[in-house]
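K.L.:
The file below is query.csv, CSV, C-alpha atoms:
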chain,number,residue,atom,x,y,z
A,147,ASP,CA,102.1,70.9,63.9
A,148,GLN,CA,105.7,71.5,65.1
A,149,GLY,CA,106.8,68.0,66.0
A,150,VAL,CA,107.4,69.1,69.7
A,151,VAL,CA,106.3,67.1,72.7
A,152,HIS,CA,105.9,68.9,76.1
A,153,LEU,CA,106.2,66.5,79.1
A,154,ARG,CA,104.3,67.6,82.2
A,155,PRO,CA,103.6,71.1,80.8
A,156,ASP,CA,103.0,74.0,83.2
A,157,GLU,CA,99.8,75.9,83.1
A,158,THR,CA,101.2,78.6,80.8
A,159,VAL,CA,101.9,76.0,78.1
A,160,VAL,CA,98.5,74.3,78.6
A,161,GLY,CA,96.7,77.6,78.3
A,162,ALA,CA,98.6,78.5,75.1
A,163,PHE,CA,97.6,75.2,73.5
A,164,ARG,CA,94.0,75.6,74.7
A,165,ASP,CA,93.9,78.9,72.8
A,166,LYS,CA,95.5,77.3,69.8
A,167,ILE,CA,92.9,74.6,69.7
A,168,ALA,CA,90.1,77.1,70.1
A,169,MET,CA,91.5,79.2,67.2
A,170,HIS,CA,91.9,76.1,65.1
A,171,ALA,CA,88.3,75.2,65.6
A,172,GLN,CA,87.1,78.7,64.8
A,173,ALA,CA,89.3,78.6,61.6
A,174,GLN,CA,87.7,75.4,60.5
A,175,GLU,CA,84.2,76.9,60.9
A,176,ARG,CA,85.2,79.6,58.4
A,177,TYR,CA,85.5,76.9,55.7
A,178,ALA,CA,82.2,75.1,56.5
A,179,SER,CA,80.5,77.0,53.6
A,180,ILE,CA,82.9,75.6,51.0
A,181,ARG,CA,83.1,72.1,52.4
A,182,SER,CA,80.9,70.5,49.7
A,183,LYS,CA,82.1,72.8,46.9
A,184,PRO,CA,84.5,71.3,44.4
A,185,ALA,CA,87.9,73.0,44.3
A,186,VAL,CA,87.7,74.8,40.9
A,187,THR,CA,90.0,77.7,40.2
A,188,THR,CA,88.9,81.0,38.6
A,189,ASP,CA,90.2,79.7,35.2
A,190,GLY,CA,88.2,76.5,35.5
A,191,GLN,CA,90.8,74.0,36.7
A,192,ARG,CA,89.4,71.2,38.9
A,193,ILE,CA,91.7,70.1,41.8
A,194,ASN,CA,90.9,66.8,43.6
A,195,MET,CA,91.3,67.2,47.3
A,196,VAL,CA,91.9,64.0,49.3
A,197,MET,CA,93.2,63.3,52.8
A,198,ASN,CA,95.9,61.3,54.5
A,199,ALA,CA,95.0,58.9,57.3
A,200,GLY,CA,96.6,56.1,59.3
A,201,LEU,CA,94.1,55.3,62.1
A,202,MET,CA,90.3,54.5,62.2
A,203,ALA,CA,90.0,57.7,64.2
A,204,ASP,CA,91.0,59.7,61.1
A,205,LEU,CA,88.1,58.4,59.0
A,206,PRO,CA,85.3,60.7,60.4
A,207,SER,CA,87.3,63.6,58.9
A,208,LEU,CA,86.3,62.4,55.4
A,209,ASP,CA,82.9,64.1,55.8
A,210,SER,CA,83.8,66.9,58.2
A,211,SER,CA,86.8,68.1,56.0
A,212,GLY,CA,85.1,67.8,52.6
A,213,ALA,CA,87.8,65.3,51.4
A,214,GLU,CA,86.9,63.4,48.3
A,215,GLY,CA,88.7,60.3,49.4
A,216,VAL,CA,91.8,59.0,51.2
A,217,GLY,CA,94.9,59.6,49.0
A,218,LEU,CA,97.1,57.8,51.5
A,219,PHE,CA,96.2,55.4,54.2
A,220,ARG,CA,99.4,54.5,56.1
A,221,THR,CA,99.3,50.8,57.1
A,222,GLU,CA,102.5,50.8,59.2
A,223,LEU,CA,100.9,52.3,62.3
A,224,GLN,CA,99.1,49.1,63.1
A,225,PHE,CA,102.5,47.4,63.0
A,226,LEU,CA,104.3,50.1,65.0
A,227,VAL,CA,102.0,50.2,68.0
A,228,ARG,CA,102.3,46.5,68.9
A,229,ASN,CA,105.0,44.4,70.4
A,230,GLN,CA,104.5,41.5,68.0
A,231,MET,CA,103.5,41.1,64.3
A,232,PRO,CA,99.7,41.6,63.8
A,233,LYS,CA,97.7,38.6,62.6
A,234,ARG,CA,96.4,38.6,59.1
A,235,SER,CA,92.8,38.3,60.4
A,236,GLU,CA,93.3,41.4,62.5
A,237,LEU,CA,94.5,43.4,59.4
A,238,VAL,CA,91.6,42.1,57.3
A,239,ALA,CA,89.1,43.4,59.9
A,240,LEU,CA,90.9,46.8,60.1
A,241,TYR,CA,91.1,47.4,56.4
A,242,LYS,CA,87.5,46.3,56.0
A,243,ARG,CA,86.4,48.9,58.6
A,244,VAL,CA,88.4,51.5,56.7
A,245,LEU,CA,86.6,50.8,53.5
A,246,ASP,CA,83.3,50.6,55.2
A,247,ALA,CA,83.9,54.0,56.9
A,248,ALA,CA,84.8,55.6,53.5
A,249,HIS,CA,81.2,54.8,52.2
A,250,GLY,CA,82.4,54.3,48.7
A,251,LYS,CA,84.9,57.1,48.5
A,252,PRO,CA,88.3,55.9,47.1
A,253,VAL,CA,90.9,54.8,49.6
A,254,ILE,CA,94.6,54.2,48.6
A,255,PHE,CA,96.4,51.8,50.9
A,256,ARG,CA,100.1,52.3,51.1
A,257,THR,CA,101.9,49.0,51.9
A,258,LEU,CA,104.2,48.7,54.9
A,259,ASP,CA,106.6,51.7,55.0
A,260,ILE,CA,109.1,50.9,57.8
A,261,GLY,CA,112.8,51.6,58.2
A,262,SER,CA,114.5,55.0,58.4
A,263,ASP,CA,112.7,56.7,61.4
A,264,LYS,CA,110.0,54.0,61.7
A,265,VAL,CA,111.4,50.8,63.3
A,266,LEU,CA,109.3,47.8,64.4
A,267,PRO,CA,110.0,46.9,68.0
A,268,TYR,CA,109.9,43.2,67.2
A,269,MET,CA,112.2,43.2,64.2
A,270,LYS,CA,116.0,43.0,64.7
A,271,PRO,CA,117.3,46.6,64.4
A,272,THR,CA,119.8,47.2,61.7
A,273,ASP,CA,122.8,49.4,62.3
A,274,GLU,CA,122.9,51.7,59.3
A,275,PRO,CA,124.9,54.9,58.8
A,276,ASN,CA,122.1,56.6,56.9
A,277,PRO,CA,118.8,54.9,57.5
A,278,ALA,CA,116.8,57.3,55.2
A,279,LEU,CA,118.9,55.8,52.3
A,280,GLY,CA,118.9,52.3,53.7
A,281,TRP,CA,116.8,49.2,54.2
A,282,ARG,CA,113.3,50.5,54.2
A,283,ALA,CA,109.8,50.4,52.7
A,284,ILE,CA,109.6,48.3,49.5
A,285,ARG,CA,113.2,47.1,50.0
A,286,VAL,CA,112.1,45.4,53.2
A,287,GLY,CA,109.0,44.0,51.6
A,288,LEU,CA,110.9,42.5,48.6
A,289,ASP,CA,113.6,41.0,50.9
A,290,LYS,CA,111.0,39.6,53.3
A,291,PRO,CA,108.2,38.6,50.9
A,292,GLY,CA,106.3,36.7,53.6
A,293,ILE,CA,105.4,40.0,55.3
A,294,MET,CA,104.4,41.5,52.0
A,295,ARG,CA,102.2,38.5,51.0
A,296,MET,CA,100.5,38.5,54.3
A,297,GLN,CA,99.6,42.2,54.0
A,298,LEU,CA,98.5,41.8,50.4
A,299,GLN,CA,96.2,38.9,51.3
A,300,ALA,CA,94.7,41.0,54.1
A,301,LEU,CA,94.0,43.9,51.7
A,302,LEU,CA,92.5,41.7,49.0
A,303,ARG,CA,90.2,39.9,51.4
A,304,SER,CA,89.1,43.2,53.1
A,305,ALA,CA,87.8,44.5,49.8
A,306,GLU,CA,85.0,41.8,49.7
A,307,GLY,CA,84.5,42.4,46.0
A,308,ARG,CA,84.8,46.2,46.1
A,309,PRO,CA,87.4,48.2,44.2
A,310,LEU,CA,90.8,48.3,45.8
A,311,SER,CA,93.9,50.6,45.3
A,312,ILE,CA,97.3,49.6,46.7
A,313,MET,CA,100.4,51.7,46.5
A,314,PHE,CA,104.0,50.7,47.1
A,315,PRO,CA,106.3,53.1,48.9
A,316,PHE,CA,109.8,54.3,48.1
A,317,VAL,CA,110.1,52.7,44.6
A,318,ALA,CA,113.4,53.8,43.2
A,319,GLN,CA,113.5,51.9,40.0
A,320,PHE,CA,111.2,50.1,37.5
A,321,GLU,CA,112.3,46.6,38.5
A,322,GLU,CA,111.3,47.1,42.1
A,323,TYR,CA,107.7,48.0,40.9
A,324,ARG,CA,107.7,45.0,38.6
A,325,ALA,CA,108.8,42.6,41.4
A,326,ALA,CA,106.2,44.0,43.8
A,327,LYS,CA,103.5,43.7,41.1
A,328,ALA,CA,104.5,40.1,40.5
A,329,GLU,CA,103.9,39.4,44.2
A,330,VAL,CA,100.4,40.9,43.9
A,331,ASP,CA,99.7,38.7,40.8
A,332,LYS,CA,100.9,35.6,42.7
A,333,THR,CA,98.8,36.5,45.7
A,334,ILE,CA,95.7,37.1,43.6
A,335,GLU,CA,96.2,33.6,42.0
A,336,ARG,CA,96.4,32.0,45.5
A,337,GLU,CA,93.3,33.8,46.6
A,338,ARG,CA,91.5,32.6,43.5
A,339,ILE,CA,92.5,29.0,44.2
A,340,LEU,CA,91.4,29.3,47.8
A,341,GLY,CA,88.0,30.6,46.6
A,342,HIS,CA,88.1,34.0,48.2
A,343,VAL,CA,86.2,36.9,46.6
A,344,LEU,CA,88.5,39.1,44.6
A,345,PRO,CA,88.2,42.9,44.3
A,346,ALA,CA,86.0,44.2,41.5
A,347,GLU,CA,88.9,46.4,40.3
A,348,LEU,CA,92.5,46.4,41.5
A,349,GLU,CA,94.8,49.3,40.9
A,350,ILE,CA,98.5,49.1,41.8
A,351,GLY,CA,100.4,52.4,42.1
A,352,ALA,CA,103.8,53.6,43.3
A,353,MET,CA,105.1,56.5,45.4
A,354,LEU,CA,107.7,58.6,43.6
A,355,GLU,CA,110.0,59.6,46.4
A,356,THR,CA,113.4,59.4,44.7
A,357,PRO,CA,114.6,61.4,41.7
A,358,SER,CA,115.7,58.2,40.0
A,359,LEU,CA,112.1,57.1,39.4
A,360,ALA,CA,111.3,60.3,37.5
A,361,TYR,CA,113.8,59.1,34.9
A,362,ALA,CA,112.5,55.5,34.7
A,363,PRO,CA,111.7,54.0,31.2
A,364,GLN,CA,108.4,55.3,29.8
A,365,LYS,CA,107.2,51.7,30.1
A,366,PHE,CA,107.0,52.2,33.8
A,367,PHE,CA,104.7,55.1,33.4
A,368,ASP,CA,102.6,53.1,31.0
A,369,GLU,CA,102.3,50.1,33.3
A,370,VAL,CA,101.7,51.8,36.7
A,371,ALA,CA,98.1,52.5,37.5
A,372,PHE,CA,98.9,55.8,39.3
A,373,ILE,CA,101.7,57.7,40.9
A,374,SER,CA,101.8,59.7,44.1
A,375,ILE,CA,104.7,62.1,44.6
A,376,GLY,CA,106.0,61.7,48.2
A,377,GLY,CA,107.1,65.3,48.6
A,378,ASN,CA,108.8,65.0,52.0
A,379,ASP,CA,111.3,62.4,50.9
A,380,LEU,CA,111.6,63.6,47.4
A,381,LYS,CA,112.7,67.1,48.6
A,382,GLN,CA,115.4,65.8,50.9
A,383,PHE,CA,116.9,63.7,48.2
A,384,PHE,CA,116.6,66.3,45.5
A,385,PHE,CA,118.4,68.9,47.6
A,386,ALA,CA,120.7,66.4,49.4
A,387,ALA,CA,119.5,67.9,52.7
A,388,ASP,CA,118.3,65.7,55.6
A,389,ARG,CA,114.8,66.8,56.7
A,390,GLU,CA,115.6,65.5,60.2
A,391,ASN,CA,118.6,67.8,60.5
A,392,GLU,CA,117.8,71.3,61.7
A,393,ARG,CA,121.0,72.7,60.4
A,394,VAL,CA,120.2,72.0,56.8
A,395,ARG,CA,116.4,71.2,56.5
A,396,ARG,CA,115.6,74.9,56.2
A,397,ARG,CA,118.2,75.5,53.5
A,398,TYR,CA,115.8,74.5,50.7
A,399,ASP,CA,112.4,75.8,49.6
A,400,THR,CA,109.6,73.9,47.9
A,401,LEU,CA,109.1,76.9,45.6
A,402,ASN,CA,112.7,76.7,44.4
A,403,VAL,CA,112.7,77.1,40.7
A,404,SER,CA,114.7,73.9,40.2
A,405,PHE,CA,112.3,71.8,42.3
A,406,LEU,CA,109.2,73.2,40.5
A,407,SER,CA,110.8,72.5,37.2
A,408,PHE,CA,111.4,68.9,38.3
A,409,ILE,CA,107.8,68.5,39.4
A,410,GLU,CA,106.8,69.9,36.0
A,411,ARG,CA,108.9,67.2,34.3
A,412,ILE,CA,107.1,64.5,36.2
A,413,VAL,CA,103.8,65.9,35.2
A,414,GLU,CA,104.8,65.9,31.6
A,415,ARG,CA,105.9,62.2,31.7
A,416,CYS,CA,102.7,61.2,33.4
A,417,ALA,CA,100.7,63.1,30.8
A,418,ILE,CA,102.3,61.2,27.9
A,419,SER,CA,100.9,57.9,29.3
A,420,GLY,CA,97.8,59.3,30.9
A,421,THR,CA,98.9,58.1,34.3
A,422,PRO,CA,97.0,59.7,37.2
A,423,LEU,CA,99.3,61.8,39.4
A,424,SER,CA,99.0,63.2,42.9
A,425,PHE,CA,101.2,65.0,45.4
A,426,CYS,CA,101.2,63.8,49.0
A,427,GLY,CA,103.1,65.5,51.8
A,428,GLU,CA,103.3,68.5,54.1
A,429,ASP,CA,103.5,70.9,51.1
A,430,ALA,CA,100.2,69.7,49.7
A,431,GLY,CA,98.6,71.1,52.9
A,432,ARG,CA,100.3,74.5,52.8
A,433,PRO,CA,98.1,76.8,50.7
A,434,VAL,CA,100.9,78.8,48.9
A,435,GLU,CA,102.8,75.7,48.0
A,436,ALA,CA,99.7,73.8,47.1
A,437,VAL,CA,98.5,76.4,44.5
A,438,CYS,CA,102.0,76.5,43.0
A,439,LEU,CA,102.0,72.7,42.7
A,440,ALA,CA,98.6,72.9,41.0
A,441,ALA,CA,100.0,75.6,38.6
A,442,MET,CA,102.7,73.1,37.7
A,443,GLY,CA,100.0,70.6,36.6
A,444,ILE,CA,99.3,68.5,39.8
A,445,ARG,CA,95.5,67.9,39.8
A,446,THR,CA,95.2,65.8,43.0
A,447,LEU,CA,96.5,67.0,46.4
A,448,SER,CA,96.6,64.7,49.5
A,449,MET,CA,97.0,66.3,52.9
A,450,ARG,CA,95.9,66.2,56.5
A,451,PRO,CA,92.2,66.8,56.9
A,452,ALA,CA,92.6,70.2,58.7
A,453,SER,CA,94.5,71.6,55.7
A,454,ILE,CA,91.7,71.0,53.1
A,455,GLY,CA,89.7,74.0,54.0
A,456,PRO,CA,92.5,76.6,53.8
A,457,VAL,CA,94.0,75.1,50.6
A,458,LYS,CA,90.6,74.9,48.9
A,459,SER,CA,89.8,78.5,50.0
A,460,LEU,CA,92.9,79.8,48.2
A,461,LEU,CA,92.4,77.5,45.1
A,462,LEU,CA,88.9,79.0,44.6
A,463,ARG,CA,90.4,82.5,44.3
A,464,VAL,CA,93.5,81.9,42.0
A,465,ASP,CA,94.0,81.7,38.3
A,466,LEU,CA,96.4,78.9,37.7
A,467,GLY,CA,97.2,80.3,34.2
A,468,GLU,CA,98.3,83.6,35.7
A,469,LEU,CA,100.2,81.9,38.5
A,470,ARG,CA,102.0,79.6,36.0
A,471,LYS,CA,103.1,82.7,34.0
A,472,ILE,CA,104.5,84.3,37.2
A,473,ILE,CA,106.5,81.2,38.0
A,474,SER,CA,107.7,81.1,34.4
A,475,ASP,CA,108.8,84.7,34.5
A,476,ALA,CA,110.7,84.2,37.7
A,477,ARG,CA,112.4,81.2,36.2
A,478,HIS,CA,113.5,83.3,33.1
A,479,ARG,CA,114.8,86.1,35.4
A,480,GLY,CA,117.0,83.6,37.1
A,481,ASP,CA,115.3,83.8,40.5
A,482,GLN,CA,116.3,81.0,42.9
A,483,ALA,CA,112.8,80.8,44.3
A,484,VAL,CA,109.4,82.0,43.0
A,485,ARG,CA,108.0,82.7,46.5
A,486,PRO,CA,108.5,86.5,46.5
A,487,ALA,CA,106.8,86.8,43.1
A,488,VAL,CA,104.0,84.4,44.1
A,489,MET,CA,103.3,86.1,47.4
A,490,LYS,CA,103.1,89.5,45.7
A,491,TYR,CA,100.4,88.0,43.3
A,492,LEU,CA,98.5,86.4,46.2
A,493,ARG,CA,98.4,89.6,48.3
A,494,GLU,CA,96.7,91.4,45.4
A,495,LEU,CA,93.9,88.9,45.0
Let me see the file written as structure tokens.
P.N.:
Amino acid sequence: DQGVVHLRPDETVVGAFRDKIAMHAQAQERYASIRSKPAVTTDGQRINMVMNAGLMADLPSLDSSGAEGVGLFRTELQFLVRNQMPKRSELVALYKRVLDAAHGKPVIFRTLDIGSDKVLPYMKPTDEPNPALGWRAIRVGLDKPGIMRMQLQALLRSAEGRPLSIMFPFVAQFEEYRAAKAEVDKTIERERILGHVLPAELEIGAMLETPSLAYAPQKFFDEVAFISIGGNDLKQFFFAADRENERVRRRYDTLNVSFLSFIERIVERCAISGTPLSFCGEDAGRPVEAVCLAAMGIRTLSMRPASIGPVKSLLLRVDLGELRKIISDARHRGDQAVRPAVMKYLREL
């Protein structure tokens, strides 16, 4: 939860974490009664609750958490834990096991997202002054198409005729999405020639993690199958505040009026083209932030499995129409953030 590692902890620390784990388990029991309930707010708005994953060990949480699918499966972890590039056959087997374990629930695979704070041990390191803004994610894939094609082949073969959803990370402009989509089309054609079974349906989406993509031509929103807002990166670029830098990372608030207005703009652009939109990141799993994102028009939230119960519990008790009015009133008053007004409303529920 805190991003802190304790090496050789003494008994006091061990005891504290044992208590934390026990409390966490008890807290999850409180949400067992709503596990199978849909997240419908008091004003009748249905919010789709999906989970993030990156390892096979995460998949059992699909049932225990009540998640309706996997909104983000991070594929880079299988590349990061090795000292050499994984084989295509190994990736096919892994992705197939993921789809099998989902038992028909939707899974969105994010293609390799390396660079910045995730560096492959077997790739030559690049000396960059600001890695978060550097050679990473889709930029690596487009510059090294062999890696991208290998992964796309593995994903297509793992589907074995089932529906498949693929999402490209860190897309900053329309042309990057088009270039990546062209690689998918070429890979599909090669697979067809080789006689491999193709997915019954194939959806290609993009992560919106840079403000620039929110202002892409409308044709981008028309062509992309779905969009997932990558909240962690989007916030740091929106506020120009490095989320790895403790001196500045707490200077901005998700419930800042400017940021919520920006989210609202993205929702409006997706609504014009009917493009499915989700929000993925730490804020999707924080109940107060999650209900405010829903009030701005986000209808799918993707989070770690343990957060689904607390977020759903609050969604079941709020009126998004009332919450949206509170946010609008705060905006008109000139408040910097809507958090105080929202917290006052939530305490009175």
K.L.:
Grab the atom CA of Ile167 of chain A to atom CA of Glu214 of chain A distance for me, in Å with one decimal place.
P.N.:
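Calculated distance between atom CA of Ile167 of chain A and atom CA of Glu214 of chain A is 24.9 Å.
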K.L.:
Which protein, DNA or RNA residues have an atom at most 12 Å from (93.6, 43.4, 58.1), counting only C-alpha atoms? List them as a VMD selection string.
P.N.:
chain A and resid 221 to 222 224 to 225 231 to 245 255 257 296 to 305
K.L.:
What gap, in Å, lies between atom CA of Gly307 of chain A and atom CA of Pro422 of chain A?
P.N.:
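One can read the atom CA of Gly307 of chain A to atom CA of Pro422 of chain A distance as 23.1 Å.
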K.L.:
Neighbouring residues of segment 347-359 of chain A were defined as those with any atom within 6 Å, considering only C-alpha atoms; residues of the same chain fewer than 6 positions away were excluded. Please report them as a VMD selection string.
P.N.:
chain A and resid 309 to 316 318 to 319 370 to 376 379 to 380
K.L.:
Smallest atom-to-atom distance to Thr421 of chain A: which of A:Arg389, A:Lys365, A:Arg324, A:Arg397, using only C-alpha atoms?
P.N.:
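Of all the options, A:Lys365 lies closest to Thr421 of chain A.
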K.L.:
So what do you get for atom CA of Ile412 of chain A versus atom CA of Ala213 of chain A, distance-wise?
P.N.:
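These atoms are spaced 24.6 Å apart.
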K.L.:
Show me a table, sorted first by chain and then by increasing residue number, of the residues of segment 336-415 of chain A having an atom at most 8 Å from segment 440-448 of chain A, each with its shortest atom pair and the distance in Å to one decimal, counting all atoms listed in the file and written as CSV.
P.N.:
residue,atom,partner,partner_atom,distance
A:Leu406,CA,A:Met442,CA,7.1
A:Ile409,CA,A:Met442,CA,7.1
A:Glu410,CA,A:Met442,CA,5.5
A:Val413,CA,A:Gly443,CA,6.2
K.L.:
Go ahead and save the picked residues with C-alpha atoms, as a PDB file, in the coordinates of the input.
P.N.:
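Generated output (part.pdb):
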ATOM      1  CA  LEU A 406     109.200  73.200  40.500  1.00  0.00           C
ATOM      2  CA  ILE A 409     107.800  68.500  39.400  1.00  0.00           C
ATOM      3  CA  GLU A 410     106.800  69.900  36.000  1.00  0.00           C
ATOM      4  CA  VAL A 413     103.800  65.900  35.200  1.00  0.00           C
TER       5      VAL A 413
END
K.L.:
Counting all atoms listed in the file, select every polymer residue within 7 Å of (111.6, 60.9, 34.8) as defined in the file's coordinates, and provide the selection as a PyMOL selection string.
P.N.:
chain A and resi 359-362+411-412+415
K.L.:
Would you mind telling me which residue in A:Gly190, A:Gly292, A:Pro345, A:Gly215 lies nearest to Asp465 of chain A when using all atoms listed in the file?
P.N.:
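So, comparing all the options, the nearest one is A:Gly190.
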